[in-house]
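Trainee: Got a file for you: query-v2.tsv, TSV, C-alpha atoms.
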```
chain	number	residue	atom	x	y	z
J	1	MET	CA	-51.02	59.75	-55.68
J	2	THR	CA	-51.88	58.42	-52.22
J	3	ALA	CA	-49.98	60.18	-49.45
J	4	SER	CA	-49.54	57.01	-47.40
J	5	LYS	CA	-48.01	55.07	-50.26
J	6	THR	CA	-44.57	55.16	-51.84
J	7	THR	CA	-44.60	56.18	-55.50
J	8	VAL	CA	-42.48	53.93	-57.69
J	9	GLY	CA	-41.57	54.77	-61.26
J	10	VAL	CA	-41.15	51.57	-63.29
J	11	LEU	CA	-38.85	52.34	-66.21
J	12	PHE	CA	-38.60	50.01	-69.21
J	13	GLY	CA	-37.80	49.67	-72.93
J	14	GLY	CA	-34.57	51.40	-73.84
J	15	GLN	CA	-32.05	51.56	-76.65
J	16	SER	CA	-30.56	48.09	-76.67
J	17	GLY	CA	-30.92	44.70	-78.29
J	18	GLU	CA	-32.74	43.65	-75.11
J	19	HIS	CA	-35.57	46.17	-75.57
J	20	GLU	CA	-38.21	43.46	-76.06
J	21	VAL	CA	-37.00	41.49	-73.02
J	22	SER	CA	-37.33	44.66	-70.94
J	23	LEU	CA	-40.94	45.03	-72.05
J	24	MET	CA	-41.67	41.46	-70.95
J	25	SER	CA	-39.97	42.07	-67.60
J	26	ALA	CA	-41.96	45.27	-67.07
J	27	GLN	CA	-45.26	43.52	-67.69
J	28	SER	CA	-44.46	41.04	-64.93
J	29	VAL	CA	-43.28	43.71	-62.48
J	30	LEU	CA	-46.32	45.92	-63.08
J	31	ALA	CA	-48.62	42.94	-62.57
J	32	ALA	CA	-46.95	41.72	-59.38
J	33	ILE	CA	-46.07	44.88	-57.45
J	34	ASP	CA	-48.11	45.29	-54.26
J	35	ARG	CA	-50.56	48.13	-54.95
J	36	THR	CA	-51.51	48.30	-51.25
J	37	ARG	CA	-47.96	49.51	-50.56
J	38	TYR	CA	-47.08	51.33	-53.74
J	39	ASP	CA	-48.48	53.75	-56.26
J	40	VAL	CA	-46.94	52.99	-59.64
J	41	VAL	CA	-46.06	55.25	-62.54
J	42	SER	CA	-44.99	53.41	-65.70
J	43	ILE	CA	-42.39	55.06	-67.94
J	44	GLY	CA	-41.25	53.83	-71.34
J	45	ILE	CA	-38.20	54.59	-73.45
J	46	ASP	CA	-38.50	53.83	-77.15
J	47	LYS	CA	-35.67	52.55	-79.32
J	48	THR	CA	-34.65	56.08	-80.31
J	49	GLY	CA	-34.17	57.07	-76.67
J	50	ARG	CA	-37.32	59.19	-76.28
J	51	TRP	CA	-39.40	58.93	-73.13
J	52	LEU	CA	-43.11	58.11	-73.03
J	53	PHE	CA	-45.41	58.92	-70.14
J	54	GLU	CA	-48.95	58.02	-71.24
J	55	GLN	CA	-49.74	54.31	-71.53
J	56	PRO	CA	-46.11	53.67	-72.48
J	57	LEU	CA	-46.11	49.88	-72.14
J	58	LYS	CA	-49.14	49.47	-74.39
J	59	ARG	CA	-47.59	51.74	-77.01
J	60	LEU	CA	-44.18	50.09	-76.94
J	61	LEU	CA	-45.67	46.61	-77.11
J	62	ALA	CA	-47.54	47.75	-80.23
J	63	GLY	CA	-44.22	48.78	-81.76
J	64	GLU	CA	-44.97	52.51	-81.58
J	65	SER	CA	-42.32	55.17	-81.06
J	66	ALA	CA	-42.54	58.41	-79.16
J	67	PRO	CA	-43.46	61.52	-81.19
J	68	PRO	CA	-40.51	63.59	-82.43
J	69	ASP	CA	-41.12	66.26	-79.81
J	70	ALA	CA	-41.03	63.76	-76.93
J	71	PRO	CA	-38.24	64.48	-74.41
J	72	ARG	CA	-34.87	62.77	-74.46
J	73	TRP	CA	-34.80	63.11	-70.68
J	74	PRO	CA	-37.69	63.48	-68.23
J	75	ASP	CA	-38.64	66.85	-66.81
J	76	PRO	CA	-36.88	67.24	-63.41
J	77	THR	CA	-40.11	68.61	-61.92
J	78	TRP	CA	-41.88	65.42	-62.99
J	79	LEU	CA	-39.16	63.31	-61.36
J	80	ALA	CA	-39.92	65.07	-58.08
J	81	ASP	CA	-43.28	63.24	-57.98
J	82	LEU	CA	-41.47	59.90	-57.66
J	83	ASP	CA	-40.06	58.47	-54.45
J	84	ILE	CA	-37.91	55.84	-56.18
J	85	ILE	CA	-37.31	54.44	-59.67
J	86	PHE	CA	-37.22	50.76	-60.59
J	87	PRO	CA	-35.20	50.61	-63.84
J	88	VAL	CA	-36.36	47.35	-65.43
J	89	LEU	CA	-33.87	47.95	-68.25
J	90	HIS	CA	-31.55	45.37	-69.76
J	91	GLY	CA	-28.41	45.95	-71.78
J	92	PRO	CA	-26.67	49.19	-72.84
J	93	TYR	CA	-28.08	52.55	-71.70
J	94	GLY	CA	-30.05	50.85	-68.94
J	95	GLU	CA	-28.02	48.19	-67.19
J	96	ASP	CA	-24.52	49.54	-67.84
J	97	GLY	CA	-24.40	52.46	-65.40
J	98	VAL	CA	-25.57	55.15	-67.84
J	99	VAL	CA	-29.08	55.65	-66.48
J	100	GLN	CA	-27.83	54.95	-62.94
J	101	GLY	CA	-25.52	57.95	-63.31
J	102	PHE	CA	-28.51	60.06	-64.33
J	103	PHE	CA	-30.40	58.97	-61.21
J	104	GLU	CA	-27.39	59.90	-59.07
J	105	LEU	CA	-27.25	63.37	-60.64
J	106	ALA	CA	-31.01	63.76	-60.22
J	107	ASP	CA	-30.65	62.72	-56.54
J	108	ILE	CA	-33.40	60.13	-56.68
J	109	PRO	CA	-33.32	56.66	-55.11
J	110	TYR	CA	-33.36	53.71	-57.46
J	111	VAL	CA	-33.51	49.93	-57.30
J	112	GLY	CA	-30.43	47.90	-58.04
J	113	ASN	CA	-26.74	48.33	-58.58
J	114	GLY	CA	-24.85	51.59	-58.75
J	115	VAL	CA	-22.80	53.04	-61.58
J	116	LEU	CA	-19.60	51.08	-60.98
J	117	ALA	CA	-21.14	47.64	-60.47
J	118	SER	CA	-23.52	48.11	-63.39
J	119	SER	CA	-20.84	49.20	-65.87
J	120	LEU	CA	-18.33	46.64	-64.69
J	121	ALA	CA	-20.69	43.68	-64.89
J	122	MET	CA	-22.07	44.78	-68.27
J	123	ASN	CA	-18.62	44.38	-69.85
J	124	LYS	CA	-17.96	40.64	-69.80
J	125	ALA	CA	-14.25	41.10	-70.52
J	126	VAL	CA	-13.69	43.49	-67.61
J	127	ALA	CA	-15.86	41.41	-65.29
J	128	ARG	CA	-13.81	38.32	-66.10
J	129	ARG	CA	-10.60	40.13	-65.15
J	130	VAL	CA	-12.15	41.15	-61.83
J	131	PHE	CA	-13.30	37.57	-61.20
J	132	ALA	CA	-9.75	36.36	-61.88
J	133	ILE	CA	-8.34	38.78	-59.29
J	134	HIS	CA	-10.75	37.31	-56.74
J	135	GLY	CA	-9.78	33.75	-57.59
J	136	LEU	CA	-13.09	32.70	-59.13
J	137	PRO	CA	-12.57	29.80	-61.59
J	138	GLN	CA	-13.38	30.48	-65.24
J	139	THR	CA	-13.13	28.71	-68.56
J	140	PRO	CA	-10.29	29.94	-70.86
J	141	TRP	CA	-11.29	33.02	-72.86
J	142	MET	CA	-10.04	35.84	-75.09
J	143	GLN	CA	-11.32	39.21	-76.24
J	144	ILE	CA	-11.38	40.42	-79.84
J	145	ARG	CA	-11.96	43.98	-80.99
J	146	GLN	CA	-14.30	44.68	-83.89
J	147	ARG	CA	-11.55	46.55	-85.77
J	148	GLN	CA	-9.17	43.58	-85.45
J	149	LEU	CA	-11.79	41.31	-86.98
J	150	GLN	CA	-12.47	43.73	-89.83
J	151	GLN	CA	-8.80	44.26	-90.69
J	152	ALA	CA	-7.33	40.77	-90.19
J	153	PRO	CA	-9.97	38.07	-89.81
J	154	GLU	CA	-7.60	35.20	-90.66
J	155	TYR	CA	-5.09	36.37	-88.05
J	156	VAL	CA	-7.85	36.62	-85.43
J	157	ILE	CA	-9.06	33.09	-86.21
J	158	ALA	CA	-5.50	31.75	-86.02
J	159	ARG	CA	-4.93	33.35	-82.62
J	160	LEU	CA	-8.16	31.94	-81.24
J	161	GLU	CA	-7.44	28.44	-82.57
J	162	GLU	CA	-3.96	28.60	-81.03
J	163	GLU	CA	-5.20	29.64	-77.56
J	164	LEU	CA	-8.62	27.95	-77.28
J	165	ASP	CA	-10.15	24.61	-78.18
J	166	TYR	CA	-13.37	24.03	-80.09
J	167	PRO	CA	-16.20	24.38	-79.45
J	168	MET	CA	-16.12	28.09	-78.57
J	169	PHE	CA	-18.78	30.63	-77.72
J	170	THR	CA	-18.74	34.10	-79.29
J	171	LYS	CA	-20.51	36.89	-77.41
J	172	PRO	CA	-20.93	40.67	-77.62
J	173	ALA	CA	-19.12	41.94	-74.52
J	174	ASN	CA	-21.90	44.33	-73.49
J	175	LEU	CA	-25.18	42.50	-74.05
J	176	GLY	CA	-27.22	39.92	-72.19
J	177	SER	CA	-30.26	37.70	-72.79
J	178	SER	CA	-28.09	35.60	-75.15
J	179	VAL	CA	-28.43	38.26	-77.88
J	180	GLY	CA	-25.75	37.76	-80.55
J	181	ILE	CA	-24.30	34.59	-79.02
J	182	ARG	CA	-23.25	31.62	-81.13
J	183	LYS	CA	-21.51	28.30	-80.53
J	184	ALA	CA	-18.74	27.51	-83.00
J	185	HIS	CA	-17.54	23.98	-83.75
J	186	ASP	CA	-15.16	24.89	-86.57
J	187	LYS	CA	-13.47	27.81	-88.34
J	188	LYS	CA	-16.47	28.63	-90.53
J	189	GLU	CA	-18.86	28.81	-87.58
J	190	LEU	CA	-16.31	30.78	-85.55
J	191	LEU	CA	-16.01	33.47	-88.21
J	192	ALA	CA	-19.80	33.66	-88.52
J	193	GLY	CA	-20.18	33.96	-84.75
J	194	LEU	CA	-17.52	36.65	-84.47
J	195	SER	CA	-19.12	38.63	-87.28
J	196	GLU	CA	-22.56	38.48	-85.70
J	197	ALA	CA	-21.29	39.46	-82.24
J	198	ALA	CA	-19.35	42.37	-83.76
J	199	GLU	CA	-22.60	43.74	-85.18
J	200	TYR	CA	-23.76	44.38	-81.61
J	201	ASP	CA	-20.54	45.51	-79.94
J	202	ILE	CA	-17.04	46.76	-80.69
J	203	LEU	CA	-15.69	44.18	-78.24
J	204	VAL	CA	-16.31	40.43	-78.57
J	205	VAL	CA	-15.63	37.81	-75.90
J	206	VAL	CA	-14.71	34.30	-77.03
J	207	GLU	CA	-14.93	31.49	-74.48
J	208	GLN	CA	-13.84	27.88	-74.62
J	209	ALA	CA	-16.85	25.67	-74.00
J	210	VAL	CA	-17.00	23.67	-70.77
J	211	PRO	CA	-17.27	19.93	-71.52
J	212	HIS	CA	-20.38	18.12	-70.30
J	213	ALA	CA	-21.76	21.50	-69.28
J	214	ARG	CA	-24.79	22.01	-67.05
J	215	GLU	CA	-26.11	25.56	-66.60
J	216	ILE	CA	-26.54	26.54	-62.94
J	217	GLU	CA	-27.92	29.91	-61.79
J	218	VAL	CA	-28.03	31.58	-58.37
J	219	SER	CA	-29.83	34.79	-57.42
J	220	VAL	CA	-28.27	37.25	-54.99
J	221	MET	CA	-30.01	39.98	-52.99
J	222	GLY	CA	-28.77	42.51	-50.45
J	223	ASN	CA	-26.45	45.44	-49.89
J	224	GLU	CA	-23.87	45.12	-47.12
J	225	HIS	CA	-24.98	41.58	-46.27
J	226	PRO	CA	-25.96	39.85	-49.52
J	227	ARG	CA	-27.52	36.40	-49.46
J	228	ALA	CA	-27.82	33.75	-52.14
J	229	SER	CA	-30.92	31.86	-53.21
J	230	ALA	CA	-31.23	28.17	-53.82
J	231	PRO	CA	-29.55	27.32	-57.15
J	232	GLY	CA	-31.51	26.37	-60.25
J	233	GLU	CA	-30.59	24.48	-63.39
J	234	ILE	CA	-31.50	25.33	-66.97
J	235	ILE	CA	-31.95	22.49	-69.46
J	236	PRO	CA	-32.10	24.37	-72.78
J	237	SER	CA	-34.28	23.25	-75.65
J	238	ASN	CA	-31.43	24.04	-78.05
J	239	GLU	CA	-27.76	23.07	-77.92
J	240	PHE	CA	-27.22	25.94	-75.49
J	241	TYR	CA	-29.43	28.50	-73.75
J	242	ASP	CA	-29.71	30.94	-76.65
J	243	TYR	CA	-32.32	33.68	-77.18
J	244	GLU	CA	-34.80	31.32	-78.82
J	245	ALA	CA	-34.46	28.76	-76.02
J	246	LYS	CA	-34.94	31.49	-73.41
J	247	TYR	CA	-37.85	33.46	-74.78
J	248	LEU	CA	-39.40	31.92	-77.89
J	249	SER	CA	-39.60	28.14	-77.92
J	250	GLY	CA	-41.05	27.65	-74.44
J	251	ASN	CA	-39.46	24.19	-74.37
J	252	SER	CA	-36.49	24.81	-72.07
J	253	GLN	CA	-36.75	23.23	-68.63
J	254	GLU	CA	-35.99	24.81	-65.28
J	255	LEU	CA	-35.11	22.58	-62.36
J	256	ILE	CA	-35.53	24.40	-59.03
J	257	PRO	CA	-33.75	23.57	-56.87
J	258	ALA	CA	-30.96	22.27	-59.07
J	259	PRO	CA	-30.41	18.51	-58.63
J	260	ILE	CA	-26.76	18.81	-57.63
J	261	ALA	CA	-24.76	17.60	-54.64
J	262	PRO	CA	-24.91	19.62	-51.38
J	263	ARG	CA	-21.22	20.44	-51.81
J	264	LEU	CA	-21.92	22.05	-55.18
J	265	ILE	CA	-24.95	23.93	-53.83
J	266	ALA	CA	-22.82	25.49	-51.11
J	267	GLN	CA	-20.00	26.23	-53.56
J	268	ALA	CA	-22.34	27.93	-56.05
J	269	GLN	CA	-23.93	30.07	-53.32
J	270	THR	CA	-20.54	31.08	-51.91
J	271	MET	CA	-19.14	31.92	-55.34
J	272	ALA	CA	-22.27	33.93	-56.22
J	273	VAL	CA	-21.86	36.14	-53.16
J	274	GLN	CA	-18.11	36.47	-53.85
J	275	ALA	CA	-18.82	37.62	-57.40
J	276	PHE	CA	-21.43	40.09	-56.16
J	277	ARG	CA	-19.00	41.57	-53.66
J	278	ALA	CA	-16.20	41.59	-56.23
J	279	ILE	CA	-18.10	44.06	-58.41
J	280	GLN	CA	-19.30	46.01	-55.33
J	281	GLY	CA	-22.87	45.01	-56.08
J	282	SER	CA	-25.97	46.31	-54.34
J	283	GLY	CA	-29.59	45.31	-54.48
J	284	LEU	CA	-29.66	42.29	-56.76
J	285	ALA	CA	-27.91	40.11	-59.30
J	286	ARG	CA	-28.11	36.73	-60.93
J	287	VAL	CA	-24.87	34.78	-61.19
J	288	ASP	CA	-24.55	32.11	-63.87
J	289	PHE	CA	-22.27	29.08	-63.66
J	290	LEU	CA	-21.21	26.20	-65.88
J	291	LEU	CA	-20.77	22.83	-64.23
J	292	ASN	CA	-18.60	20.15	-65.82
J	293	ASP	CA	-20.78	17.18	-65.00
J	294	ALA	CA	-17.94	14.73	-65.58
J	295	THR	CA	-15.41	16.32	-63.22
J	296	GLY	CA	-17.63	18.29	-60.82
J	297	GLU	CA	-15.76	21.52	-61.63
J	298	LEU	CA	-17.81	24.71	-61.30
J	299	PHE	CA	-16.94	27.76	-63.40
J	300	ILE	CA	-18.38	31.25	-63.12
J	301	ASN	CA	-19.82	32.38	-66.44
J	302	GLU	CA	-21.19	35.89	-65.83
J	303	ILE	CA	-23.06	38.16	-63.46
J	304	ASN	CA	-26.22	40.02	-64.47
J	305	THR	CA	-27.01	43.16	-62.46
J	306	MET	CA	-30.59	43.55	-63.74
J	307	PRO	CA	-31.72	40.01	-64.52
J	308	GLY	CA	-34.94	39.25	-66.30
J	309	PHE	CA	-38.20	39.67	-64.40
J	310	THR	CA	-40.41	37.93	-66.93
J	311	ALA	CA	-42.86	35.19	-66.02
J	312	ILE	CA	-40.22	32.61	-66.97
J	313	SER	CA	-37.16	34.35	-65.50
J	314	MET	CA	-34.99	32.52	-63.03
J	315	PHE	CA	-34.30	35.44	-60.66
J	316	PRO	CA	-37.82	35.65	-59.18
J	317	LYS	CA	-38.37	31.90	-59.48
J	318	LEU	CA	-35.24	31.11	-57.47
J	319	TRP	CA	-36.31	33.48	-54.68
J	320	GLU	CA	-39.81	32.05	-54.68
J	321	ALA	CA	-38.27	28.61	-54.17
J	322	SER	CA	-36.23	30.13	-51.35
J	323	GLY	CA	-39.36	31.35	-49.57
J	324	ILE	CA	-39.83	34.87	-50.99
J	325	PRO	CA	-42.85	35.29	-53.32
J	326	TYR	CA	-42.68	37.73	-56.23
J	327	PRO	CA	-44.58	40.71	-54.65
J	328	GLU	CA	-42.49	40.46	-51.47
J	329	LEU	CA	-39.32	40.21	-53.56
J	330	LEU	CA	-40.16	43.47	-55.34
J	331	HIS	CA	-40.87	45.11	-51.97
J	332	ARG	CA	-37.51	44.04	-50.57
J	333	LEU	CA	-35.66	45.27	-53.64
J	334	ILE	CA	-37.34	48.66	-53.37
J	335	GLN	CA	-36.40	48.89	-49.69
J	336	LEU	CA	-32.80	47.97	-50.50
J	337	GLY	CA	-32.77	50.84	-53.00
J	338	PHE	CA	-33.84	53.26	-50.29
J	339	GLU	CA	-31.27	51.79	-47.90
J	340	ARG	CA	-28.43	52.36	-50.34
J	341	TYR	CA	-29.63	55.88	-51.13
J	342	HIS	CA	-29.76	56.93	-47.49
J	343	GLN	CA	-26.37	55.37	-46.81
J	344	ARG	CA	-24.82	57.45	-49.58
J	345	LYS	CA	-26.67	60.62	-48.55
J	346	ALA	CA	-25.17	60.32	-45.07
J	347	LEU	CA	-21.64	60.70	-46.49
J	348	LYS	CA	-19.85	64.04	-46.22
J	349	THR	CA	-19.60	66.06	-49.41
J	350	THR	CA	-17.61	68.97	-47.97
J	351	TYR	CA	-14.09	68.70	-46.61
J	352	GLN	CA	-12.93	70.84	-43.73
J	353	ALA	CA	-9.24	70.61	-42.86
J	354	GLY	CA	-8.38	70.09	-39.23
```
Turn the structure described in the file into C-alpha cells.
Mentor:
Amino acid sequence: MTASKTTVGVLFGGQSGEHEVSLMSAQSVLAAIDRTRYDVVSIGIDKTGRWLFEQPLKRLLAGESAPPDAPRWPDPTWLADLDIIFPVLHGPYGEDGVVQGFFELADIPYVGNGVLASSLAMNKAVARRVFAIHGLPQTPWMQIRQRQLQQAPEYVIARLEEELDYPMFTKPANLGSSVGIRKAHDKKELLAGLSEAAEYDILVVVEQAVPHAREIEVSVMGNEHPRASAPGEIIPSNEFYDYEAKYLSGNSQELIPAPIAPRLIAQAQTMAVQAFRAIQGSGLARVDFLLNDATGELFINEINTMPGFTAISMFPKLWEASGIPYPELLHRLIQLGFERYHQRKALKTTYQAG
C-alpha cells in the first residue's frame, strides 16, 4: 500500500436476495473510485457467508463460492491494514446493521449509516411507524406475519380487503431492490403476492397503491447537516418499478431533474432530510416518494440506507445532476465515514462520579 494514500476496503456480495445487485454496485464503485487518493482492497462475501480475498469480484461474478475452509469473518490482523471499509452491501446481513455492528466492535471506520439507522430503515414496517411519529404522509398500509398467512390465509385476506383498497403492493419487510414485490388487483393476485413475499421474510408489508402514481426519488448526504439532491423521476418499463424494470429490461426511463413543480421539489427535498433525521441517519440515503399526479399529494414510500451504486442507479445520478460527479461523491462519502468515526471516538467511555 502507498503510505500517502488512504486504504479503502470495498466489501460486496453477501447473504441476501440482493447479492447480485451488490456485485453490480461494487463494479461501479471499484471503477470510479479515485486511485490518486485511495488504495483499494476488494473483499467479497459469497452466498454462504464466507469471505474471499483474492480476486473476489471476478469469482463471485462467475458464480463461484469460497472454499469450505474460507473464514466466516476476516482475520482481525488483516483488518488492521485497512483505514476504512465501504460496505457496498444491500439487504439483510449487510444493510440491516449486522455488519455495521461488526465494524463497531472491530473499531474500524466505515462508510454509511450506523447500526440503529441501518436496522430501522431495513424494516419497512418499523420505518413506517417512525415516519408516522414525525408526521410524514404515507399511503395506508398493514403488516402480516408469515405464520399468520400460513395458518389462516383466508382471514388474512379478509382483514386486508377490509382495511385497504385494491390495488395493493405486497413486499418483504426487510429487502430492497424490488425483490419479492408484487402488485395485486384482486384476491388471487393478493394471495400470490403475500406467498411470494413470505418466502423472503417472516414479515410482509402490504400497502394501498397511490392513484395516478409517479415515482420520485431524492438522494441525501451528510452527517449532522444533511443535504438533499435534486429529485429524479422513474418511469418504469413495467406497471411498477419491479426488479426486471430496474435491472434487466433496460427500458425504464429516468428523468433528472424530475419534471415537477418547484413547490413539490422543495417538499420532496425537505421530507427526504426529515426522513433521514428521523432514523438518525449518517453518510447517505435515498428516499423514495409516490406522487399522486391528480391531487399533487406526495407520500413517502421508503428510505434506503445503502442505495444502489450501479451504472444505472439513481443515487449517484442525482448527485451528478446536483454538481457532484461520481468519483467526488465516493470521496465525500468516505470522508463522512471518517467524520462520524472520530465523532464517536471522542465520546467518553468511562464514567467518574463527581
Trainee: Can you tell me which residues surround stretch 233-235 of chain J at a distance of at most 7 Å, considering only C-alpha atoms, apart from same-chain residues fewer than 3 positions away, and format the answer as a ChimeraX atom specification?
Mentor: /J:215-217,252-256,258
Trainee: Please, what distance in Å, to one decimal, runs between atom CA of J:Val41 and atom CA of J:Thr6?
Mentor: 10.8 Å
Trainee: For a cut-off of 9 Å around (-30.2, 52.7, -65.6), file coordinates, pick out all residues using only C-alpha atoms and list them as a ChimeraX atom specification.
Mentor: /J:11,86-90,92-103,110,112-115,118
Trainee: Please produce a file of the residues just selected, as a PDB file, in the frame of the given file, where the atoms kept are C-alpha atoms.
Mentor:
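To be explicit, this is the file written out as again_12.pdb:
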```
ATOM      1  CA  LEU J  11     -38.850  52.340 -66.210  1.00  0.00           C
ATOM      2  CA  PHE J  86     -37.220  50.760 -60.590  1.00  0.00           C
ATOM      3  CA  PRO J  87     -35.200  50.610 -63.840  1.00  0.00           C
ATOM      4  CA  VAL J  88     -36.360  47.350 -65.430  1.00  0.00           C
ATOM      5  CA  LEU J  89     -33.870  47.950 -68.250  1.00  0.00           C
ATOM      6  CA  HIS J  90     -31.550  45.370 -69.760  1.00  0.00           C
ATOM      7  CA  PRO J  92     -26.670  49.190 -72.840  1.00  0.00           C
ATOM      8  CA  TYR J  93     -28.080  52.550 -71.700  1.00  0.00           C
ATOM      9  CA  GLY J  94     -30.050  50.850 -68.940  1.00  0.00           C
ATOM     10  CA  GLU J  95     -28.020  48.190 -67.190  1.00  0.00           C
ATOM     11  CA  ASP J  96     -24.520  49.540 -67.840  1.00  0.00           C
ATOM     12  CA  GLY J  97     -24.400  52.460 -65.400  1.00  0.00           C
ATOM     13  CA  VAL J  98     -25.570  55.150 -67.840  1.00  0.00           C
ATOM     14  CA  VAL J  99     -29.080  55.650 -66.480  1.00  0.00           C
ATOM     15  CA  GLN J 100     -27.830  54.950 -62.940  1.00  0.00           C
ATOM     16  CA  GLY J 101     -25.520  57.950 -63.310  1.00  0.00           C
ATOM     17  CA  PHE J 102     -28.510  60.060 -64.330  1.00  0.00           C
ATOM     18  CA  PHE J 103     -30.400  58.970 -61.210  1.00  0.00           C
ATOM     19  CA  TYR J 110     -33.360  53.710 -57.460  1.00  0.00           C
ATOM     20  CA  GLY J 112     -30.430  47.900 -58.040  1.00  0.00           C
ATOM     21  CA  ASN J 113     -26.740  48.330 -58.580  1.00  0.00           C
ATOM     22  CA  GLY J 114     -24.850  51.590 -58.750  1.00  0.00           C
ATOM     23  CA  VAL J 115     -22.800  53.040 -61.580  1.00  0.00           C
ATOM     24  CA  SER J 118     -23.520  48.110 -63.390  1.00  0.00           C
TER      25      SER J 118
END
```
Trainee: May I ask which of the residues J:Val204, J:Phe12, J:Ala32, J:Val21 is the closest one to J:Asp46, counting only C-alpha atoms?
Mentor: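 Distance minimum relative to J:Asp46 lands on J:Phe12.
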Trainee: If you count all atoms listed in the file, which residues fall within 9 Å of J:Leu61, apart from same-chain ones fewer than 3 positions away, as a list in words?
Mentor: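 With the cut-off at 9 Å, the set is Glu20, Leu23, Met24, Pro56, Leu57, Lys58 and Glu64 of chain J.
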Trainee: Just checking: using all atoms listed in the file, which residue out of J:Lys171, J:Arg340, J:Lys348, J:Arg147 ends up closest to J:Glu104?
Mentor: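 Checking each candidate against J:Glu104, we get J:Arg340 as the closest.
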Trainee: Check the smallest atom-to-atom distance from each of J:Ser4, J:Thr305, J:Ser229, J:Gln269 to J:Ile324 using all atoms listed in the file, then report the winner.
Mentor: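 Of the candidates, the smallest distance to J:Ile324 is held by J:Ser229.
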Trainee: Quick one: everything within 6 Å of stretch 281-294 of chain J, counting all atoms listed in the file, minus sequence neighbours fewer than 4 positions away in the same chain. Send it as a ChimeraX atom specification.
Mentor: /J:112-113,117,211-223,272,276-277,298-305,336
Trainee: Could the residues in this selection be saved with C-alpha atoms as a compact mmCIF listing (two decimals), keeping the file's coordinate frame?
Mentor:
```
# COMPACT_ATOMS: atom_id res chain seq x y z
CA GLY J 112 -30.43 47.90 -58.04
CA ASN J 113 -26.74 48.33 -58.58
CA ALA J 117 -21.14 47.64 -60.47
CA PRO J 211 -17.27 19.93 -71.52
CA HIS J 212 -20.38 18.12 -70.30
CA ALA J 213 -21.76 21.50 -69.28
CA ARG J 214 -24.79 22.01 -67.05
CA GLU J 215 -26.11 25.56 -66.60
CA ILE J 216 -26.54 26.54 -62.94
CA GLU J 217 -27.92 29.91 -61.79
CA VAL J 218 -28.03 31.58 -58.37
CA SER J 219 -29.83 34.79 -57.42
CA VAL J 220 -28.27 37.25 -54.99
CA MET J 221 -30.01 39.98 -52.99
CA GLY J 222 -28.77 42.51 -50.45
CA ASN J 223 -26.45 45.44 -49.89
CA ALA J 272 -22.27 33.93 -56.22
CA PHE J 276 -21.43 40.09 -56.16
CA ARG J 277 -19.00 41.57 -53.66
CA LEU J 298 -17.81 24.71 -61.30
CA PHE J 299 -16.94 27.76 -63.40
CA ILE J 300 -18.38 31.25 -63.12
CA ASN J 301 -19.82 32.38 -66.44
CA GLU J 302 -21.19 35.89 -65.83
CA ILE J 303 -23.06 38.16 -63.46
CA ASN J 304 -26.22 40.02 -64.47
CA THR J 305 -27.01 43.16 -62.46
CA LEU J 336 -32.80 47.97 -50.50
```
Trainee: Point out the residue among J:Phe309, J:Glu54, J:Ile43, J:Leu164 with the least atom-to-atom distance to J:Pro74, counting only C-alpha atoms.
Mentor: J:Ile43
